[in-house]
file upload22.txt (compact mmCIF, C-alpha atoms and all ligand atoms)
# COMPACT_ATOMS: atom_id res chain seq x y z
CA MET A 1 4.17 13.69 -10.10
CA PRO A 2 6.63 14.04 -7.24
CA SER A 3 10.24 13.39 -8.10
CA ARG A 4 10.93 11.64 -4.81
CA GLN A 5 9.42 8.61 -3.17
CA LEU A 6 6.92 8.74 -0.37
CA PRO A 7 7.75 6.87 2.84
CA PRO A 8 5.88 3.57 3.24
CA GLY A 9 2.17 3.85 3.99
CA GLN A 10 1.97 7.57 3.10
CA GLN A 11 -0.16 9.23 0.44
CA LEU A 12 -0.08 12.73 -1.03
CA ALA A 13 -2.56 15.10 0.58
CA ALA A 14 -5.27 16.35 -1.73
CA ARG A 15 -3.65 18.80 -4.14
CA GLY A 16 -3.10 22.28 -2.79
CA LYS A 17 -4.43 21.41 0.66
CA TRP A 18 -2.37 21.52 3.79
CA PRO A 19 -4.42 19.72 6.48
CA VAL A 20 -4.65 21.20 9.96
CA VAL A 21 -3.89 18.63 12.67
CA GLY A 22 -4.06 18.93 16.44
CA GLU A 23 -4.46 22.25 18.17
CA ARG A 24 -5.82 25.12 16.11
CA ARG A 25 -4.71 28.19 17.97
CA ALA A 26 -2.27 29.56 20.49
CA LEU A 27 -3.02 31.33 23.75
CA PRO A 28 -3.15 35.09 23.34
CA VAL A 29 0.07 37.04 23.94
CA GLU A 30 0.66 40.59 25.02
CA GLY A 31 3.22 42.41 22.92
CA PRO A 32 5.42 40.77 20.32
CA TRP A 33 5.84 37.01 19.99
CA THR A 34 8.96 35.76 21.76
CA VAL A 35 10.89 32.52 21.90
CA GLU A 36 13.12 31.53 24.76
CA ILE A 37 15.94 29.00 24.98
CA CYS A 38 16.69 27.74 28.47
CA GLY A 39 17.76 24.69 30.47
CA ALA A 40 21.22 23.17 30.08
CA VAL A 41 22.78 26.11 28.24
CA GLU A 42 25.58 28.55 29.10
CA ALA A 43 23.61 31.69 28.27
CA ALA A 44 19.82 31.39 28.25
CA ARG A 45 18.07 34.06 26.22
CA THR A 46 14.88 35.27 24.61
CA TRP A 47 14.33 36.71 21.16
CA THR A 48 11.38 38.61 19.78
CA LEU A 49 10.19 37.55 16.36
CA ASP A 50 11.78 40.69 14.87
CA GLU A 51 15.12 39.91 16.44
CA LEU A 52 14.99 36.37 15.10
CA GLN A 53 14.30 37.62 11.63
CA ASN A 54 17.44 39.75 11.80
CA LEU A 55 19.64 36.71 12.37
CA PRO A 56 20.90 34.82 9.29
CA THR A 57 17.76 33.33 7.76
CA VAL A 58 17.52 30.31 5.50
CA GLU A 59 15.11 29.07 2.88
CA ARG A 60 14.51 25.34 2.71
CA VAL A 61 12.24 23.06 0.71
CA VAL A 62 11.07 20.18 2.88
CA ASP A 63 8.74 17.18 2.76
CA ILE A 64 6.11 16.85 5.46
CA HIS A 65 4.82 13.44 6.58
CA CYS A 66 1.98 13.25 9.07
CA VAL A 67 1.56 10.06 11.06
CA THR A 68 -2.08 9.98 9.89
CA ARG A 69 -0.65 9.11 6.46
CA TRP A 70 -0.81 12.31 4.43
CA SER A 71 2.33 13.86 3.02
CA LEU A 72 3.16 17.17 1.37
CA LEU A 73 6.24 17.29 -0.84
CA ASP A 74 8.42 20.28 -1.60
CA VAL A 75 7.05 22.78 0.90
CA PRO A 76 9.11 26.00 0.67
CA LEU A 77 9.85 27.43 4.12
CA GLN A 78 11.67 30.41 5.48
CA GLY A 79 13.14 30.60 8.94
CA ILE A 80 16.29 30.09 10.91
CA LEU A 81 18.31 26.99 11.65
CA LEU A 82 18.06 25.64 15.18
CA GLN A 83 21.85 25.42 15.05
CA THR A 84 22.11 29.20 14.64
CA LEU A 85 20.09 29.75 17.81
CA LEU A 86 21.99 27.13 19.78
CA ASP A 87 25.28 28.75 18.77
CA CYS A 88 24.06 31.84 20.63
CA VAL A 89 23.14 30.02 23.87
CA ARG A 90 25.87 27.34 23.84
CA PRO A 91 24.42 24.04 25.10
CA GLN A 92 26.28 22.51 28.03
CA ALA A 93 27.98 19.15 27.64
CA ARG A 94 25.24 17.49 29.73
CA ALA A 95 22.49 18.60 27.31
CA ARG A 96 21.38 15.47 25.44
CA PHE A 97 17.73 16.17 24.60
CA ILE A 98 15.78 19.12 23.31
CA SER A 99 12.17 19.89 24.11
CA PHE A 100 10.03 22.27 22.05
CA VAL A 101 7.15 23.81 23.98
CA ALA A 102 4.11 25.57 22.52
CA HIS A 103 2.20 28.52 23.92
CA THR A 104 -1.13 26.71 24.11
CA GLU A 105 -3.61 25.72 26.72
CA ARG A 106 -2.18 22.25 27.15
CA GLN A 107 1.43 23.44 26.93
CA HIS A 108 1.89 21.12 24.00
CA SER A 109 5.43 19.88 23.53
CA THR A 110 7.62 17.35 21.77
CA SER A 111 11.23 16.29 22.19
CA LEU A 112 14.17 14.84 20.30
CA PRO A 113 17.72 13.74 21.04
CA LEU A 114 19.73 16.93 20.58
CA ASP A 115 22.18 15.41 18.10
CA GLU A 116 19.30 14.18 15.90
CA ALA A 117 17.51 17.52 15.96
CA LEU A 118 20.70 19.16 14.72
CA ALA A 119 21.65 16.47 12.20
CA LEU A 120 18.20 16.84 10.61
CA ASP A 121 18.70 20.60 10.17
CA SER A 122 15.70 21.47 12.32
CA LEU A 123 14.22 24.88 11.59
CA VAL A 124 12.31 27.56 13.39
CA VAL A 125 9.98 28.86 10.72
CA TRP A 126 7.77 31.93 10.19
CA SER A 127 6.90 31.59 6.52
CA ALA A 128 5.64 28.87 4.15
CA TYR A 129 4.89 29.12 0.44
CA GLY A 130 6.19 32.69 0.53
CA LYS A 131 3.62 33.87 3.06
CA PRO A 132 3.65 34.32 6.83
CA LEU A 133 2.50 31.13 8.56
CA SER A 134 -1.21 31.19 9.23
CA GLU A 135 -2.28 30.83 12.82
CA GLU A 136 -3.76 27.33 12.36
CA HIS A 137 -0.43 26.12 10.99
CA GLY A 138 1.50 27.49 13.94
CA GLY A 139 1.97 31.14 13.04
CA PRO A 140 3.66 33.33 13.84
CA LEU A 141 6.40 30.81 14.69
CA ARG A 142 6.70 27.04 14.57
CA CYS A 143 9.30 24.35 14.51
CA VAL A 144 9.90 22.10 11.48
CA VAL A 145 11.98 18.97 11.95
CA PRO A 146 12.56 17.53 8.48
CA GLY A 147 12.73 13.73 8.26
CA LYS A 148 10.44 12.99 11.23
CA TYR A 149 6.70 12.56 11.38
CA PHE A 150 5.16 16.00 11.66
CA TYR A 151 4.20 15.58 15.32
CA LYS A 152 7.84 16.40 16.09
CA SER A 153 7.23 19.90 14.66
CA VAL A 154 5.61 22.07 17.33
CA LYS A 155 3.28 24.91 16.33
CA TRP A 156 3.38 28.27 18.16
CA LEU A 157 6.89 27.66 19.42
CA ARG A 158 7.48 29.57 22.62
CA ARG A 159 10.25 27.81 24.53
CA ILE A 160 13.14 25.52 23.69
CA GLU A 161 14.61 23.59 26.60
CA LEU A 162 17.87 21.71 26.64
CA LEU A 163 17.63 18.64 28.87
CA GLU A 164 19.82 15.95 30.37
CA GLU A 165 17.01 13.39 30.34
CA ASP A 166 14.28 13.06 27.77
CA ARG A 167 10.83 14.46 28.54
CA LEU A 168 8.11 12.82 26.44
CA GLY A 169 5.95 15.15 24.40
CA TYR A 170 2.18 15.43 24.37
CA TRP A 171 1.33 12.97 21.57
CA GLU A 172 4.07 10.58 22.62
CA ARG A 173 2.72 10.50 26.18
CA GLU A 174 -1.03 10.78 25.65
CA ALA A 175 -1.55 8.99 22.36
CA GLY A 176 1.28 6.46 22.28
CA TYR A 177 2.98 8.05 19.29
CA HIS A 178 6.40 6.52 18.76
CA ASN A 179 9.16 8.64 20.23
CA GLY A 180 11.43 7.80 17.29
CA ALA A 181 8.99 9.09 14.63
CA ASP A 182 11.06 7.98 11.63
CA PRO A 183 8.65 7.84 8.66
CA TRP A 184 10.99 5.59 6.64
CA LYS A 185 10.84 2.98 9.41
CA GLU A 186 7.14 3.61 10.02
CA GLU A 187 7.74 4.44 13.66
CA ARG A 188 4.13 5.51 14.14
CA PHE A 189 3.06 4.03 17.45
CA ALA A 190 4.73 2.48 20.44
CA ALA A 191 3.83 -1.16 21.09
CA SER A 192 0.40 -2.15 22.37
CA GLY A 193 -0.19 -1.88 26.07
CA VAL A 194 -2.93 -4.51 26.15
CA THR A 195 -2.16 -7.94 27.61
CA ARG A 196 -3.56 -11.14 26.14
CA GLN A 197 -5.65 -11.76 29.21
CA GLN A 198 -7.20 -8.29 28.94
CA MET A 199 -7.89 -8.95 25.27
CA ARG A 200 -9.68 -12.22 26.04
CA ARG A 201 -11.95 -10.46 28.48
CA LEU A 202 -12.65 -7.70 26.00
CA VAL A 203 -13.61 -10.16 23.31
CA GLU A 204 -16.02 -11.88 25.64
CA SER A 205 -17.68 -8.68 26.85
CA ARG A 206 -18.10 -7.11 23.39
CA ASP A 207 -18.38 -3.77 25.15
CA TRP A 208 -15.32 -1.58 24.81
CA SER A 209 -17.15 1.69 25.27
CA GLY A 210 -15.08 4.50 26.73
CA GLN A 211 -11.97 2.35 27.10
CA THR A 212 -8.46 3.32 26.08
CA LEU A 213 -6.85 0.46 24.18
CA LEU A 214 -3.81 1.41 22.20
CA ALA A 215 -2.75 -0.65 19.17
CA VAL A 216 -5.15 -3.49 19.87
CA GLN A 217 -4.18 -6.59 17.90
CA ALA A 218 -7.49 -8.04 16.72
CA ALA A 219 -6.73 -9.17 13.18
CA GLY A 220 -9.06 -11.93 12.05
CA TRP A 221 -11.21 -11.84 15.17
CA GLU A 222 -14.92 -12.49 15.37
CA LEU A 223 -16.32 -9.30 16.88
CA ALA A 224 -19.76 -8.92 15.32
CA GLY A 225 -21.92 -6.47 17.24
CA LEU A 226 -18.97 -4.97 19.10
CA VAL A 227 -19.88 -1.79 20.97
CA ALA A 228 -16.93 0.57 21.21
CA ARG A 229 -18.58 3.93 21.61
CA ASN A 230 -16.17 6.76 22.44
CA ALA A 231 -13.33 4.29 22.91
CA ALA A 232 -9.74 5.39 22.27
CA LEU A 233 -8.53 2.76 19.82
CA ARG A 234 -5.66 4.37 17.98
CA ALA A 235 -3.60 2.11 15.70
CA ALA A 236 -5.89 -0.89 16.13
CA ASP A 237 -5.34 -3.87 13.86
CA PHE A 238 -8.71 -5.23 12.71
CA ARG A 239 -7.55 -6.72 9.42
CA THR A 240 -9.99 -9.39 8.12
CA ALA A 241 -11.94 -9.18 11.40
CA CYS A 242 -15.69 -9.65 11.45
CA LEU A 243 -17.13 -6.38 12.76
CA ARG A 244 -20.66 -6.63 11.42
CA ASP A 245 -22.93 -4.00 12.96
CA ALA A 246 -20.12 -2.83 15.23
CA ASP A 247 -20.71 0.58 16.83
CA PHE A 248 -17.63 2.81 16.80
CA GLY A 249 -19.66 5.98 17.38
CA GLY A 250 -17.46 8.81 18.62
CA ALA A 251 -14.43 6.51 18.93
CA ASN A 252 -10.87 7.46 18.10
CA LEU A 253 -9.74 4.95 15.49
CA SER A 254 -6.94 6.93 13.91
CA ASN A 255 -4.50 4.81 11.94
CA GLY A 256 -6.72 1.76 12.25
CA ARG A 257 -6.21 -1.17 9.92
CA PHE A 258 -9.45 -2.55 8.54
CA GLU A 259 -8.18 -4.21 5.36
CA ASP A 260 -10.60 -6.93 4.23
CA ALA A 261 -12.69 -6.55 7.38
CA ASP A 262 -16.40 -7.30 7.36
CA LEU A 263 -17.91 -3.94 8.32
CA ARG A 264 -21.42 -4.47 7.03
CA GLY A 265 -23.76 -2.22 8.97
CA ALA A 266 -20.95 -0.86 11.17
CA SER A 267 -21.17 2.71 12.41
CA PHE A 268 -18.32 5.25 12.40
CA ARG A 269 -20.61 8.13 13.24
CA ASP A 270 -18.55 11.06 14.59
CA ALA A 271 -15.52 8.79 14.92
CA ASP A 272 -11.98 9.90 14.18
CA ILE A 273 -10.88 7.63 11.32
CA GLU A 274 -7.87 9.62 10.09
CA GLY A 275 -5.29 7.37 8.48
CA CYS A 276 -7.54 4.29 8.48
CA ASP A 277 -7.12 1.67 5.79
CA PHE A 278 -10.42 0.19 4.55
CA SER A 279 -9.05 -1.35 1.34
CA GLY A 280 -10.91 -4.57 0.59
CA ALA A 281 -13.32 -3.99 3.48
CA ASP A 282 -17.01 -4.67 3.13
CA LEU A 283 -18.70 -1.35 3.91
CA ARG A 284 -22.15 -2.22 2.68
CA GLY A 285 -24.69 -0.53 4.90
CA ALA A 286 -21.92 1.11 6.97
CA ASP A 287 -22.29 4.63 8.35
CA LEU A 288 -19.18 6.65 7.47
CA ARG A 289 -20.37 10.00 8.77
CA ALA A 290 -17.04 10.39 10.56
CA LEU A 291 -15.36 13.52 11.88
CA SER A 292 -12.67 13.57 9.24
CA MET A 293 -11.35 11.50 6.32
CA LEU A 294 -7.77 12.75 6.18
CA GLY A 295 -5.42 10.00 5.04
CA VAL A 296 -8.14 7.37 4.69
CA THR A 297 -7.64 4.56 2.17
CA PHE A 298 -10.48 2.75 0.40
CA VAL A 299 -8.58 1.29 -2.52
CA ALA A 300 -5.06 -0.12 -2.73
CA GLY A 301 -4.15 -1.88 -5.95
CA ALA A 302 -6.79 -4.52 -6.61
CA LYS A 303 -8.17 -4.31 -3.10
CA GLN A 304 -11.31 -2.19 -3.14
CA ALA A 305 -13.78 -1.41 -0.40
CA SER A 306 -17.36 -2.31 -1.27
CA PHE A 307 -20.17 0.18 -0.84
CA ASP A 308 -23.87 -0.19 -1.51
CA GLU A 309 -26.88 2.09 -1.60
CA ARG A 310 -27.18 1.96 2.19
CA THR A 311 -23.59 3.06 2.81
CA ARG A 312 -23.75 6.54 4.30
CA PHE A 313 -20.89 8.72 3.12
CA PRO A 314 -20.72 12.47 3.81
CA LEU A 315 -19.96 14.08 0.47
CA GLU A 316 -18.24 17.05 2.03
CA LEU A 317 -15.51 14.81 3.42
CA ILE A 318 -14.52 13.44 0.02
CA THR A 319 -12.39 16.53 -0.64
CA GLN A 320 -10.13 15.51 2.26
CA LEU A 321 -9.13 12.30 0.52
CA ALA A 322 -6.07 11.87 -1.67
CA ASP A 323 -6.95 12.30 -5.35
CA ASN A 324 -7.05 8.61 -6.28
CA GLN A 325 -9.10 7.74 -3.17
CA ALA A 326 -11.56 10.55 -3.85
CA GLY A 327 -11.91 9.37 -7.45
CA PHE A 328 -12.64 5.83 -6.33
CA VAL A 329 -15.25 6.92 -3.78
CA ARG A 330 -16.97 9.28 -6.24
CA HIS A 331 -17.16 6.45 -8.71
CA GLN A 332 -18.65 4.08 -6.14
CA LEU A 333 -21.21 6.62 -4.98
CA GLY A 334 -21.91 7.88 -8.49
CA ASN A 335 -22.88 4.40 -9.57
CA LYS A 336 -25.67 4.52 -7.06
CA GLU A 337 -26.68 8.12 -7.53
CA GLY A 338 -29.83 9.15 -5.78
CA THR A 339 -29.56 6.39 -3.23
CA ALA A 340 -26.20 6.52 -1.46
CA GLY A 341 -24.07 9.37 -0.23
CA GLY A 342 -26.73 11.98 0.07
CA GLU A 343 -25.26 13.40 3.23
CA GLY A 344 -23.59 16.41 1.59
N1 LIG B 401 1.26 23.11 19.51
C1 LIG B 401 0.99 22.02 18.77
N2 LIG B 401 1.87 21.65 17.83
C2 LIG B 401 1.61 20.55 17.06
C3 LIG B 401 0.44 19.77 17.25
C4 LIG B 401 -0.47 20.20 18.24
O1 LIG B 401 -1.53 19.59 18.48
N3 LIG B 401 -0.15 21.33 18.99
N4 LIG B 401 0.21 18.66 16.47
C5 LIG B 401 1.34 18.07 15.73
C6 LIG B 401 0.90 17.19 14.67
S1 LIG B 401 0.38 15.64 15.10
C7 LIG B 401 1.02 17.54 13.34
S2 LIG B 401 0.68 16.44 12.10
C8 LIG B 401 1.38 18.92 12.96
C9 LIG B 401 0.27 19.50 12.15
O2 LIG B 401 0.62 20.76 11.67
P1 LIG B 401 -0.39 21.51 10.70
O3 LIG B 401 -1.69 21.67 11.42
O4 LIG B 401 0.27 22.79 10.35
O5 LIG B 401 -0.56 20.62 9.47
O6 LIG B 401 1.62 19.75 14.06
C10 LIG B 401 2.25 19.15 15.15
N5 LIG B 401 2.52 20.19 16.12
MO MO B 402 0.36 14.38 13.00
call {"tool": "encode", "arguments": {"input": "upload22.txt", "output": "C-alpha cells", "more": "lines below"}}
Ligand SMILES: Nc1nc2c(c(=O)[nH]1)N[C@H]1C(S)=C(S)[C@@H](COP(=O)(O)O)O[C@H]1N2
Ligand SMILES: [Mo]
result
Amino acid sequence: MPSRQLPPGQQLAARGKWPVVGERRALPVEGPWTVEICGAVEAARTWTLDELQNLPTVERVVDIHCVTRWSLLDVPLQGILLQTLLDCVRPQARARFISFVAHTERQHSTSLPLDEALALDSLVVWSAYGKPLSEEHGGPLRCVVPGKYFYKSVKWLRRIELLEEDRLGYWEREAGYHNGADPWKEERFAASGVTRQQMRRLVESRDWSGQTLLAVQAAGWELAGLVARNAALRAADFRTACLRDADFGGANLSNGRFEDADLRGASFRDADIEGCDFSGADLRGADLRALSMLGVTFVAGAKQASFDERTRFPLELITQLADNQAGFVRHQLGNKEGTAGGEG
C-alpha cells in the first residue's frame, strides 16, 4: 500500500501500468532533440539533449495525478531542475508566467505562474523508472511539474517561453481544464459555461448531439431518451438523473458524475468515459463498449453499480480499471457468465 495519501477523487492506476493520455507522438525532428528557452529572458538559448545531460542532473521520486482520476505514486525520474536552466538564461523582472510548448502537430502547450513552477521544483525529464522515456510518454524529453494535475506536464518539450501575461494551454483552452490544476483542491475544470436558459432549452429538446456543453449541471434531472451523440460533455454532473435509454454514442463524457443515475438501456458506445463515476448507477441493459475505462469508478463504499445479463461490457477494458474496480466488475460479470460481458 502507498505510504502517502491520494488527493481527493483519485485512485491508483492498475498496478504496473502507466496510462498514455493525450497525444501519442511528436513531430519528426532532423538531428538531435533540442530545447529552447526564449521570451522575457536576458540570454535566450538552446540546448541539445546531450548538452542538457551534461548539466547537473537530479533524481526525484514524484507522484503523478491525472485529472481523469488515476494516480501513480513514487515514480522515479531523472532530469534537470527547471531552476538550473533558468539560471542560465536569467529571466527578466517582467517575466511572470512560463509556457511549455511541445513539438507536436497541434503545438500543444501548458502554462504556469513562474513562481509556482519554480516553487514546485519543476523538472525537465529524460528518464523514468531507470529507463529513457518512451516516445508515448514524451520521450526523449518532457516536463514534469510535481503537485499539479499531469496536464501541466508537457510531453516532447521543445520550447520554454517566459511571458509577462499568461497564455492558456491547450487543455485549459480547448477542454476547460482548470488553469490552477491543484489536485488537493480538485481544481479539475473551470466553471460551466452553460446558462440556465440554455439548459432549459436543452432539456426540452432532448437532442444534444454534436454540442459542446462543458460541466453541465443536470443532477437529478429527468432526461430519459436523451440523444447526445458525439457531444462534448466533459465534467457533466448527472448524479441521480434519469437517463434511461440515453444515447451517448461517441460523446466525450470524461470526468462525468453518474452516481445513482438511472442508466438502464443507455449507450456509451465509443464514448470517452475516462474518470466517470458510476457508483450506485443502474447499468442494467447499458452498453459500455466505450473507448477507454481509465479512472472509471463502479463501486465506492456501499454504493455499487448494478449490471445484468444485458449489460455489454468489453472485457479487454477491464485491465484499465483500478484493482478494486476491476475486481468488482469481474465479480458482477462472472456471476452472469455466458450471458453478459462477452465482448472480449
Ligand atoms: N504534448 C502533449 N503533452 C501532454 C498532453 C498532450 O496531449 N500533448 N497531455 C497531458 C495530459 S492531460 C496528461 S495526463 C499527461 C499524460 O502523460 P502520459 O501519457 O505520459 O501519461 O501528459 C500531458 N502532457
Ligand atoms: Mo490528464
call {"tool": "residues_near_ligand", "arguments": {"input": "upload22.txt", "ligand": "ligand LIG 401 (chain B)", "cutoff": "7 Å", "atoms": "only C-alpha atoms and all ligand atoms", "output": "tab-separated table (two decimals) with C-alpha atoms, in the frame of the given file"}}
result
chain	number	residue	atom	x	y	z
A	18	TRP	CA	-2.37	21.52	3.79
A	19	PRO	CA	-4.42	19.72	6.48
A	20	VAL	CA	-4.65	21.20	9.96
A	21	VAL	CA	-3.89	18.63	12.67
A	22	GLY	CA	-4.06	18.93	16.44
A	23	GLU	CA	-4.46	22.25	18.17
A	66	CYS	CA	1.98	13.25	9.07
A	67	VAL	CA	1.56	10.06	11.06
A	102	ALA	CA	4.11	25.57	22.52
A	104	THR	CA	-1.13	26.71	24.11
A	108	HIS	CA	1.89	21.12	24.00
A	109	SER	CA	5.43	19.88	23.53
A	136	GLU	CA	-3.76	27.33	12.36
A	137	HIS	CA	-0.43	26.12	10.99
A	138	GLY	CA	1.50	27.49	13.94
A	150	PHE	CA	5.16	16.00	11.66
A	151	TYR	CA	4.20	15.58	15.32
A	152	LYS	CA	7.84	16.40	16.09
A	153	SER	CA	7.23	19.90	14.66
A	154	VAL	CA	5.61	22.07	17.33
A	155	LYS	CA	3.28	24.91	16.33
A	156	TRP	CA	3.38	28.27	18.16
call {"tool": "closest_residue", "arguments": {"input": "upload22.txt", "among": "A:Val203, A:Leu73, A:Leu294, A:Val124", "to": "ligand MO 402 (chain B)", "atoms": "all atoms listed in the file"}}
result
A:Leu294
call {"tool": "atom_distance", "arguments": {"input": "upload22.txt", "atom1": "CA of Asp270 in chain A", "atom2": "CA of Phe248 in chain A"}}
result
8.6 Å
call {"tool": "closest_residue", "arguments": {"input": "upload22.txt", "among": "A:Leu317, A:Leu283, A:Leu157, A:Ala181", "to": "ligand MO 402 (chain B)", "atoms": "all atoms listed in the file"}}
result
A:Ala181
call {"tool": "atom_distance", "arguments": {"input": "upload22.txt", "atom1": "CA of Trp47 in chain A", "atom2": "CA of Trp126 in chain A"}}
result
13.6 Å
call {"tool": "build_atoms", "arguments": {"input": "upload22.txt", "residues": "range 258-278 of chain A", "atoms": "N, CA, C and O atoms", "output": "CSV table (one decimal), keeping the file's coordinate frame"}}
result
chain,number,residue,atom,x,y,z
A,258,PHE,N,-8.2,-1.8,8.7
A,258,PHE,CA,-9.4,-2.6,8.5
A,258,PHE,C,-9.4,-3.3,7.2
A,258,PHE,O,-10.5,-3.6,6.7
A,259,GLU,N,-8.2,-3.6,6.7
A,259,GLU,CA,-8.2,-4.2,5.4
A,259,GLU,C,-9.0,-5.5,5.4
A,259,GLU,O,-8.8,-6.3,6.3
A,260,ASP,N,-9.8,-5.7,4.4
A,260,ASP,CA,-10.6,-6.9,4.2
A,260,ASP,C,-11.5,-7.3,5.4
A,260,ASP,O,-11.9,-8.4,5.6
A,261,ALA,N,-11.8,-6.3,6.2
A,261,ALA,CA,-12.7,-6.6,7.4
A,261,ALA,C,-14.1,-6.6,6.9
A,261,ALA,O,-14.5,-5.9,5.9
A,262,ASP,N,-15.0,-7.3,7.6
A,262,ASP,CA,-16.4,-7.3,7.4
A,262,ASP,C,-17.0,-6.2,8.2
A,262,ASP,O,-17.2,-6.4,9.4
A,263,LEU,N,-17.4,-5.1,7.6
A,263,LEU,CA,-17.9,-3.9,8.3
A,263,LEU,C,-19.3,-3.7,7.9
A,263,LEU,O,-19.8,-2.5,8.0
A,264,ARG,N,-20.0,-4.7,7.5
A,264,ARG,CA,-21.4,-4.5,7.0
A,264,ARG,C,-22.2,-3.9,8.2
A,264,ARG,O,-22.3,-4.5,9.3
A,265,GLY,N,-22.9,-2.8,8.0
A,265,GLY,CA,-23.8,-2.2,9.0
A,265,GLY,C,-23.0,-1.6,10.1
A,265,GLY,O,-23.7,-1.1,11.1
A,266,ALA,N,-21.7,-1.5,10.1
A,266,ALA,CA,-21.0,-0.9,11.2
A,266,ALA,C,-21.1,0.7,11.2
A,266,ALA,O,-21.4,1.3,10.1
A,267,SER,N,-21.0,1.3,12.3
A,267,SER,CA,-21.2,2.7,12.4
A,267,SER,C,-19.9,3.4,12.9
A,267,SER,O,-19.3,3.0,13.9
A,268,PHE,N,-19.5,4.4,12.1
A,268,PHE,CA,-18.3,5.2,12.4
A,268,PHE,C,-18.8,6.7,12.6
A,268,PHE,O,-18.0,7.6,12.5
A,269,ARG,N,-20.0,6.8,13.1
A,269,ARG,CA,-20.6,8.1,13.2
A,269,ARG,C,-19.8,9.0,14.2
A,269,ARG,O,-19.5,8.5,15.3
A,270,ASP,N,-19.3,10.1,13.8
A,270,ASP,CA,-18.6,11.1,14.6
A,270,ASP,C,-17.2,10.5,15.1
A,270,ASP,O,-16.7,10.9,16.1
A,271,ALA,N,-16.8,9.4,14.5
A,271,ALA,CA,-15.5,8.8,14.9
A,271,ALA,C,-14.4,9.5,14.2
A,271,ALA,O,-14.5,10.1,13.2
A,272,ASP,N,-13.2,9.4,14.8
A,272,ASP,CA,-12.0,9.9,14.2
A,272,ASP,C,-11.4,8.7,13.4
A,272,ASP,O,-10.9,7.8,14.1
A,273,ILE,N,-11.4,8.8,12.1
A,273,ILE,CA,-10.9,7.6,11.3
A,273,ILE,C,-9.7,8.1,10.5
A,273,ILE,O,-9.4,7.5,9.5
A,274,GLU,N,-9.0,9.1,10.9
A,274,GLU,CA,-7.9,9.6,10.1
A,274,GLU,C,-6.8,8.5,9.9
A,274,GLU,O,-6.5,7.8,10.9
A,275,GLY,N,-6.3,8.4,8.7
A,275,GLY,CA,-5.3,7.4,8.5
A,275,GLY,C,-5.7,5.9,8.5
A,275,GLY,O,-4.9,5.0,8.5
A,276,CYS,N,-7.1,5.7,8.5
A,276,CYS,CA,-7.5,4.3,8.5
A,276,CYS,C,-7.4,3.7,7.1
A,276,CYS,O,-7.6,4.4,6.1
A,277,ASP,N,-7.2,2.4,7.1
A,277,ASP,CA,-7.1,1.7,5.8
A,277,ASP,C,-8.3,0.7,5.7
A,277,ASP,O,-8.4,-0.3,6.4
A,278,PHE,N,-9.2,1.0,4.7
A,278,PHE,CA,-10.4,0.2,4.6
A,278,PHE,C,-10.3,-0.6,3.2
A,278,PHE,O,-11.3,-1.0,2.7
